[in-house]
Number of protein chains: 2
Amino acid sequence: MADKVTIDDVARYANVSRQTVSNVLNSPEVVREETRRRVREAVKALGYRASQAARQMRTGRSRLIAVRIEPAQEDGINGSVFDRFLHGLTESAARAGYRVLLYTADDHDAELATFDDLLGVYEPDAFVLTSTDYGDPRTTWLLEQRIPFVTFGRPWGVPPDQDYPWVDVDGAAGTAMATRHLLDAGHRRIGFLGWPEGSGVGDDRRAGWARALTSAGIDPSELAELDSRTTDGAPEGEAAAHALLDADRPVTGLVCVSDSLALGALQTRRRLSVIGFDDTPVARAVGLASVSQPLAEAAASCVALLIHSLDGGSNDARGRTNADAAERGSADTPSEGPPTHVLLQPSLVPRKSV
Amino acid sequence: MADKVTIDDVARYANVSRQTVSNVLNSPEVVREETRRRVREAVKALGYRASQAARQMRTGRSRLIAVRIEPAQEDGINGSVFDRFLHGLTESAARAGYRVLLYTADDHDAELATFDDLLGVYEPDAFVLTSTDYGDPRTTWLLEQRIPFVTFGRPWGVPPDQDYPWVDVDGAAGTAMATRHLLDAGHRRIGFLGWPEGSGVGDDRRAGWARALTSAGIDPSELAELDSRTTDGAPEGEAAAHALLDADRPVTGLVCVSDSLALGALQTRRRLSVIGFDDTPVARAVGLASVSQPLAEAAASCVALLIHSLDGGSNDARGRTNADAAERGSADTPSEGPPTHVLLQPSLVPRKSV
DNA sequence: TTGAAAGCGTTACCAG
DNA sequence: CTGGTAACGCTTTCAA
């Protein structure tokens, strides 16, 4: 039944030539109104769809966006974040006429090899990178090869001459928001459960907490004793929370860099207000207040940025405005075009844990 | 630097003709040893990779496997299951020379439309379906169109003349295993926290529990009062567990159809041994024993089944071995090929909750 | 065993 | 505005 219907079939059916059909599809404004209508009818009647393979041969564009699917984390509680992002990406990409192609890679080197392989075989038009870290070799490589890409996550410690498009969520704003929430509830001893120093994301989130406390008049010298760093995980969080609770001047509230650590803090079963980060399913399940990232929007922004550099700007399907709304272009976006950096704002989901 | 290197470049470099190169790549046995070696060297030296688009035009095969990425669940604790499956699928597919293409769809109708769209445009070679339910229209549609596919999940209530390849994990075996574990630990009042009747997966898991109890000599008439059904979610699980604990003859052990419900049961903080299902990150985090599905294996089996019917069986668009198998019913396909149904065994991960 | 030619379905480039 | 012709890179007959 599913015999391939080609552009010739449509042309014949509509009594026009082959690339009149092509024109109707690709640059409609160049075809006479009446012809256009007839061709469109033929397309619909025959159920015609342009073959991507053939189109790609000619145009060199695959309409494929490649994304690495991350292995489930050690403590995979935060895994759902990537999952939701990926879902949003697939949806936004589809809306823009693109599809998401998955790949895996165990480390950066393997990923570079996969880039090369993928580009040689499937020729994806762009990549979306998700966990960028200090001195990430992937961005450098892609920049060198002039392959379009966008990262979900700001560049941490990348020299400014290596600028590239990115989308991120303002983690510091999130933890500051959480901290203020606890301050407003009357807390004065508000601790922070973070990751070991050196992770861009972690340090940023800690900075938001510190900023909120100091601007509320807390003496900066107090911060050190309210601060605890540990690797991610519920047991680690529980231990760290106990330490903070058993200090001379115990904390009464706790802002956490992740839901995993927050969950651990909750398991102390002590009188303590806790706020996590990422609003994972677990947070909802156990009633943990958490900072929520707008992942669908972030994904949409990634696609928007990509489309901009691929389709050459204003080929925007439907007003995708959240990018403008939340964007805080990094310093100076040279001269032309919209900013290529998008910083989105998280929100706080209050639950019974506060 | 990344200028496309074509098969002609390789041919020139190795001093052979174009499709000698093609032969080396596709049917090496037909080329003389020495020539083969020279061509292989040229391929490596030039970093040649066959363009998938061009290859697809000729062969009609895209080497793409389409999978729907599910939206995060209401209570997304179980979302990570799909995530891990997807990761395994991507990895196994890559190993077999295939890539995973993502799509989304809000309901079955939308998904059928997407099938049609995808097949017209990207022409994936096969689909992997993940949450099949009673009277699933998708399998029927794909069967009709003779599109290769495999489902992760047995067909529930599908007429035997509509047989198709599937992979599943034996849920009943998992809950039976969990139940026996509790029996061995001395429990006699072991309840089951399940989903409302009518879900194939849920009913199957309940059956395992019931079977283990009755074969341990528990009177079947007792089962009713040990059984509780509720929609998925931690709060629901907590409520249901409380009811079971406050009965005349309270349960001392609880086998749950999901980690969400089990987590709820744990939150009762009563003296109770609990075993969940799916071994989600949350189970690990809170020390919940859980039945673990071999998701990487399941994914690998899906790919194996697909590859068999794609690369293996009659490659011709007309004679699909699937179709033949389909007409024989599910029992046993005597003469041709390996089985198209794979049932994997789960394992129990004991933790402090038991 | 190797080489030459055809064609997969599109879009781009030119004439009409 | 419309209609031919070429070309994208590959695999598959078909001859040598």
# chains A, B, ... in the order shown; residues from 1 in each chain; ligands from 1
call {"tool": "calpha_fit_rmsd", "arguments": {"fixed": "chain A", "moving": "chain B"}}
result
4.2 Å
call {"tool": "interface_residues", "arguments": {"of": "chain A", "to": "chain B", "cutoff": "8 Å", "atoms": "only C-alpha atoms", "output": "PyMOL selection string"}}
result
chain A and resi 1-2+4+48-54+56-57+69-72+75-77+79-80+83-84+87+90-91+94+99-104+117+120-123+145+233-235+260+280-282+284-286
call {"tool": "write_last_selection", "arguments": {"atoms": "N, CA and C atoms", "output": "compact mmCIF listing (two decimals), in the first residue's frame"}}
result
# COMPACT_ATOMS: atom_id res chain seq x y z
N MET A 1 0.82 -1.20 0.00
CA MET A 1 0.00 0.00 0.00
C MET A 1 0.86 1.25 0.00
N ALA A 2 1.87 1.22 0.81
CA ALA A 2 2.68 2.43 0.99
C ALA A 2 3.69 2.59 -0.14
N LYS A 4 5.87 4.34 -2.71
CA LYS A 4 6.45 5.67 -2.63
C LYS A 4 5.81 6.61 -3.64
N TYR A 48 1.84 13.11 -0.48
CA TYR A 48 3.26 13.23 -0.82
C TYR A 48 4.10 13.82 0.31
N ARG A 49 5.27 13.28 0.50
CA ARG A 49 6.24 13.86 1.43
C ARG A 49 7.61 13.76 0.78
N ALA A 50 8.32 14.87 0.78
CA ALA A 50 9.64 14.87 0.16
C ALA A 50 10.56 13.92 0.89
N SER A 51 11.24 13.10 0.16
CA SER A 51 12.20 12.17 0.75
C SER A 51 13.39 12.92 1.30
N GLN A 52 13.63 12.71 2.56
CA GLN A 52 14.73 13.41 3.22
C GLN A 52 16.08 13.03 2.61
N ALA A 53 16.21 11.76 2.26
CA ALA A 53 17.49 11.30 1.72
C ALA A 53 17.81 12.02 0.41
N ALA A 54 16.84 12.07 -0.46
CA ALA A 54 17.05 12.72 -1.75
C ALA A 54 17.31 14.21 -1.56
N GLN A 56 18.50 15.61 1.01
CA GLN A 56 19.81 15.81 1.62
C GLN A 56 20.93 15.72 0.58
N MET A 57 20.76 14.83 -0.38
CA MET A 57 21.80 14.68 -1.40
C MET A 57 22.02 16.00 -2.11
N ILE A 69 22.73 10.86 24.54
CA ILE A 69 21.91 10.46 25.68
C ILE A 69 22.84 9.99 26.78
N GLU A 70 22.71 10.62 27.91
CA GLU A 70 23.63 10.35 29.00
C GLU A 70 23.28 9.04 29.69
N PRO A 71 24.29 8.35 30.11
CA PRO A 71 24.02 7.14 30.88
C PRO A 71 23.38 7.55 32.20
N ALA A 72 22.55 6.69 32.75
CA ALA A 72 21.94 7.01 34.04
C ALA A 72 23.05 7.31 35.03
N ASP A 75 23.88 8.18 41.04
CA ASP A 75 22.61 8.36 41.73
C ASP A 75 21.70 9.06 40.74
N GLY A 76 20.92 8.29 40.05
CA GLY A 76 20.20 8.80 38.89
C GLY A 76 19.00 9.67 39.16
N ILE A 77 18.90 10.15 40.37
CA ILE A 77 17.74 10.97 40.67
C ILE A 77 17.64 12.16 39.74
N GLY A 79 18.67 12.24 36.81
CA GLY A 79 18.59 11.82 35.43
C GLY A 79 17.35 12.32 34.74
N SER A 80 16.28 12.41 35.48
CA SER A 80 15.02 12.82 34.87
C SER A 80 15.10 14.22 34.31
N ASP A 83 16.12 13.81 30.84
CA ASP A 83 14.99 13.18 30.18
C ASP A 83 13.95 14.21 29.73
N ARG A 84 13.63 15.09 30.64
CA ARG A 84 12.62 16.10 30.30
C ARG A 84 13.15 17.09 29.26
N HIS A 87 12.96 15.42 25.94
CA HIS A 87 11.60 15.39 25.44
C HIS A 87 11.23 16.73 24.82
N THR A 90 12.98 17.18 21.48
CA THR A 90 12.37 16.42 20.39
C THR A 90 11.13 17.13 19.88
N GLU A 91 10.37 17.66 20.80
CA GLU A 91 9.13 18.32 20.43
C GLU A 91 9.41 19.63 19.68
N ALA A 94 10.85 18.97 16.22
CA ALA A 94 9.85 18.50 15.28
C ALA A 94 9.03 19.68 14.74
N ARG A 99 14.56 16.51 13.34
CA ARG A 99 14.42 15.33 14.19
C ARG A 99 15.67 15.16 15.03
N VAL A 100 15.49 14.50 16.14
CA VAL A 100 16.60 14.30 17.06
C VAL A 100 17.21 12.92 16.87
N LEU A 101 18.49 12.90 16.68
CA LEU A 101 19.24 11.66 16.51
C LEU A 101 20.07 11.43 17.77
N LEU A 102 19.99 10.23 18.31
CA LEU A 102 20.67 9.93 19.57
C LEU A 102 22.02 9.26 19.36
N TYR A 103 22.92 9.52 20.24
CA TYR A 103 24.17 8.76 20.25
C TYR A 103 24.65 8.66 21.69
N THR A 104 25.58 7.75 21.92
CA THR A 104 26.16 7.63 23.25
C THR A 104 27.67 7.76 23.14
N ASP A 117 32.34 10.42 13.18
CA ASP A 117 31.62 9.34 12.53
C ASP A 117 30.25 9.80 12.05
N GLY A 120 30.30 12.10 9.15
CA GLY A 120 30.63 11.45 7.90
C GLY A 120 29.48 10.63 7.35
N VAL A 121 28.67 10.06 8.24
CA VAL A 121 27.65 9.12 7.80
C VAL A 121 26.26 9.75 7.70
N TYR A 122 25.76 10.25 8.84
CA TYR A 122 24.39 10.79 8.85
C TYR A 122 24.37 12.30 8.61
N GLU A 123 25.51 12.90 8.77
CA GLU A 123 25.63 14.34 8.54
C GLU A 123 24.58 15.18 9.26
N GLN A 145 35.75 22.82 13.56
CA GLN A 145 35.17 22.22 12.36
C GLN A 145 34.02 23.05 11.81
N GLY A 233 24.37 12.59 46.42
CA GLY A 233 23.80 11.34 46.88
C GLY A 233 23.04 11.53 48.18
N ALA A 234 22.00 10.76 48.35
CA ALA A 234 21.17 10.90 49.54
C ALA A 234 21.93 10.57 50.84
N PRO A 235 22.66 9.47 50.88
CA PRO A 235 23.38 9.17 52.14
C PRO A 235 24.35 10.29 52.50
N SER A 260 18.88 15.06 45.37
CA SER A 260 19.47 13.90 46.03
C SER A 260 19.94 14.27 47.42
N THR A 280 12.77 17.13 40.80
CA THR A 280 12.69 15.80 40.21
C THR A 280 11.44 15.09 40.72
N PRO A 281 11.07 14.01 40.10
CA PRO A 281 9.89 13.26 40.52
C PRO A 281 9.93 12.91 42.00
N VAL A 282 11.09 12.62 42.46
CA VAL A 282 11.25 12.27 43.86
C VAL A 282 10.82 13.40 44.78
N ARG A 284 8.57 15.63 44.23
CA ARG A 284 7.12 15.64 44.25
C ARG A 284 6.60 14.52 45.14
N ALA A 285 7.23 13.36 45.02
CA ALA A 285 6.75 12.20 45.75
C ALA A 285 6.87 12.36 47.26
N VAL A 286 7.97 12.95 47.71
CA VAL A 286 8.16 13.03 49.15
C VAL A 286 7.81 14.40 49.72
call {"tool": "closest_atom_pairs", "arguments": {"of": "chain C", "to": "chain B", "cutoff": "9 Å", "atoms": "only C-alpha atoms (C1' of nucleotides)", "output": "JSON lines"}}
result
{"residue": "C:DT1", "atom": "C1'", "partner": "B:Val31", "partner_atom": "CA", "distance": 6.5}
{"residue": "C:DT2", "atom": "C1'", "partner": "B:Thr20", "partner_atom": "CA", "distance": 7.1}
{"residue": "C:DG3", "atom": "C1'", "partner": "B:Ser17", "partner_atom": "CA", "distance": 6.4}
{"residue": "C:DG7", "atom": "C1'", "partner": "B:Arg58", "partner_atom": "CA", "distance": 8.3}
{"residue": "C:DC8", "atom": "C1'", "partner": "B:Met57", "partner_atom": "CA", "distance": 4.8}
{"residue": "C:DG9", "atom": "C1'", "partner": "B:Met57", "partner_atom": "CA", "distance": 7.7}
call {"tool": "write_last_selection", "arguments": {"atoms": "N, CA and C atoms (P, O5', C5', C4', C3', O3' and C1' of nucleotides)", "output": "tab-separated table (two decimals), in the first residue's frame"}}
result
chain	number	residue	atom	x	y	z
C	1	DT	P	37.99	-14.14	-7.59
C	1	DT	O5'	39.10	-13.08	-7.18
C	1	DT	C5'	38.85	-11.72	-6.95
C	1	DT	C4'	38.96	-10.99	-8.28
C	1	DT	C3'	38.68	-9.51	-8.13
C	1	DT	O3'	39.91	-8.81	-8.18
C	1	DT	C1'	37.75	-10.41	-10.14
C	2	DT	P	40.06	-7.33	-7.78
C	2	DT	O5'	39.44	-6.56	-9.01
C	2	DT	C5'	40.27	-6.13	-10.08
C	2	DT	C4'	39.41	-5.62	-11.20
C	2	DT	C3'	38.91	-4.19	-11.02
C	2	DT	O3'	39.69	-3.34	-11.84
C	2	DT	C1'	37.30	-5.63	-12.04
C	3	DG	P	39.51	-1.78	-11.72
C	3	DG	O5'	38.44	-1.47	-12.86
C	3	DG	C5'	38.85	-1.56	-14.22
C	3	DG	C4'	37.67	-1.31	-15.13
C	3	DG	C3'	37.04	0.08	-15.01
C	3	DG	O3'	36.90	0.63	-16.30
C	3	DG	C1'	35.37	-1.60	-14.81
C	7	DG	P	18.28	4.13	-16.53
C	7	DG	O5'	18.02	4.42	-14.99
C	7	DG	C5'	17.94	3.32	-14.09
C	7	DG	C4'	18.01	3.85	-12.67
C	7	DG	C3'	17.17	5.11	-12.41
C	7	DG	O3'	16.40	4.89	-11.26
C	7	DG	C1'	19.33	5.42	-11.61
C	8	DC	P	14.98	5.58	-11.13
C	8	DC	O5'	14.79	5.70	-9.56
C	8	DC	C5'	15.03	4.60	-8.68
C	8	DC	C4'	15.60	5.13	-7.38
C	8	DC	C3'	15.01	6.49	-6.98
C	8	DC	O3'	13.89	6.29	-6.12
C	8	DC	C1'	17.41	6.40	-6.68
C	9	DG	P	12.47	6.90	-6.54
C	9	DG	O5'	12.60	8.41	-6.05
C	9	DG	C5'	12.68	8.66	-4.65
C	9	DG	C4'	13.08	10.10	-4.43
C	9	DG	C3'	12.09	11.11	-5.00
C	9	DG	O3'	11.80	12.03	-3.96
C	9	DG	C1'	14.28	11.60	-5.74
call {"tool": "interface_residues", "arguments": {"of": "chain D", "to": "chain A", "cutoff": "8 Å", "atoms": "only C-alpha atoms (C1' of nucleotides)", "output": "list in words"}}
result
DC1, DT2, DG3, DA7, DC8 and DG9 of chain D
call {"tool": "atom_distance", "arguments": {"atom1": "CA of Ala176 in chain B", "atom2": "CA of Trp209 in chain B"}}
result
4.8 Å
call {"tool": "atom_distance", "arguments": {"atom1": "CA of Val67 in chain B", "atom2": "CA of Val128 in chain B"}}
result
5.3 Å
call {"tool": "select_by_dssp", "arguments": {"residues": "range 51-219 of chain A", "states": "helix (DSSP H, G or I)", "output": "PyMOL selection string"}}
result
chain A and resi 52-59+76-95+108-121+137-145+160-162+171-184+200-215
call {"tool": "atom_distance", "arguments": {"atom1": "CA of Leu46 in chain B", "atom2": "CA of Asp107 in chain A"}}
result
24.8 Å
call {"tool": "select_by_dssp", "arguments": {"residues": "range 34-78 of chain B", "states": "strand (DSSP E)", "output": "list in words"}}
result
Leu64, Ile65, Ala66, Val67 and Arg68 of chain B
call {"tool": "write_last_selection", "arguments": {"atoms": "N, CA and C atoms", "output": "compact mmCIF listing (two decimals), in the first residue's frame"}}
result
# COMPACT_ATOMS: atom_id res chain seq x y z
N LEU B 64 17.93 3.70 10.36
CA LEU B 64 17.36 4.50 11.44
C LEU B 64 16.28 3.69 12.14
N ILE B 65 16.29 3.73 13.46
CA ILE B 65 15.25 3.08 14.23
C ILE B 65 14.50 4.17 14.99
N ALA B 66 13.22 4.25 14.79
CA ALA B 66 12.45 5.33 15.42
C ALA B 66 11.86 4.88 16.75
N VAL B 67 11.97 5.74 17.73
CA VAL B 67 11.44 5.45 19.07
C VAL B 67 10.73 6.68 19.59
N ARG B 68 9.62 6.47 20.23
CA ARG B 68 8.92 7.60 20.82
C ARG B 68 9.45 7.87 22.22
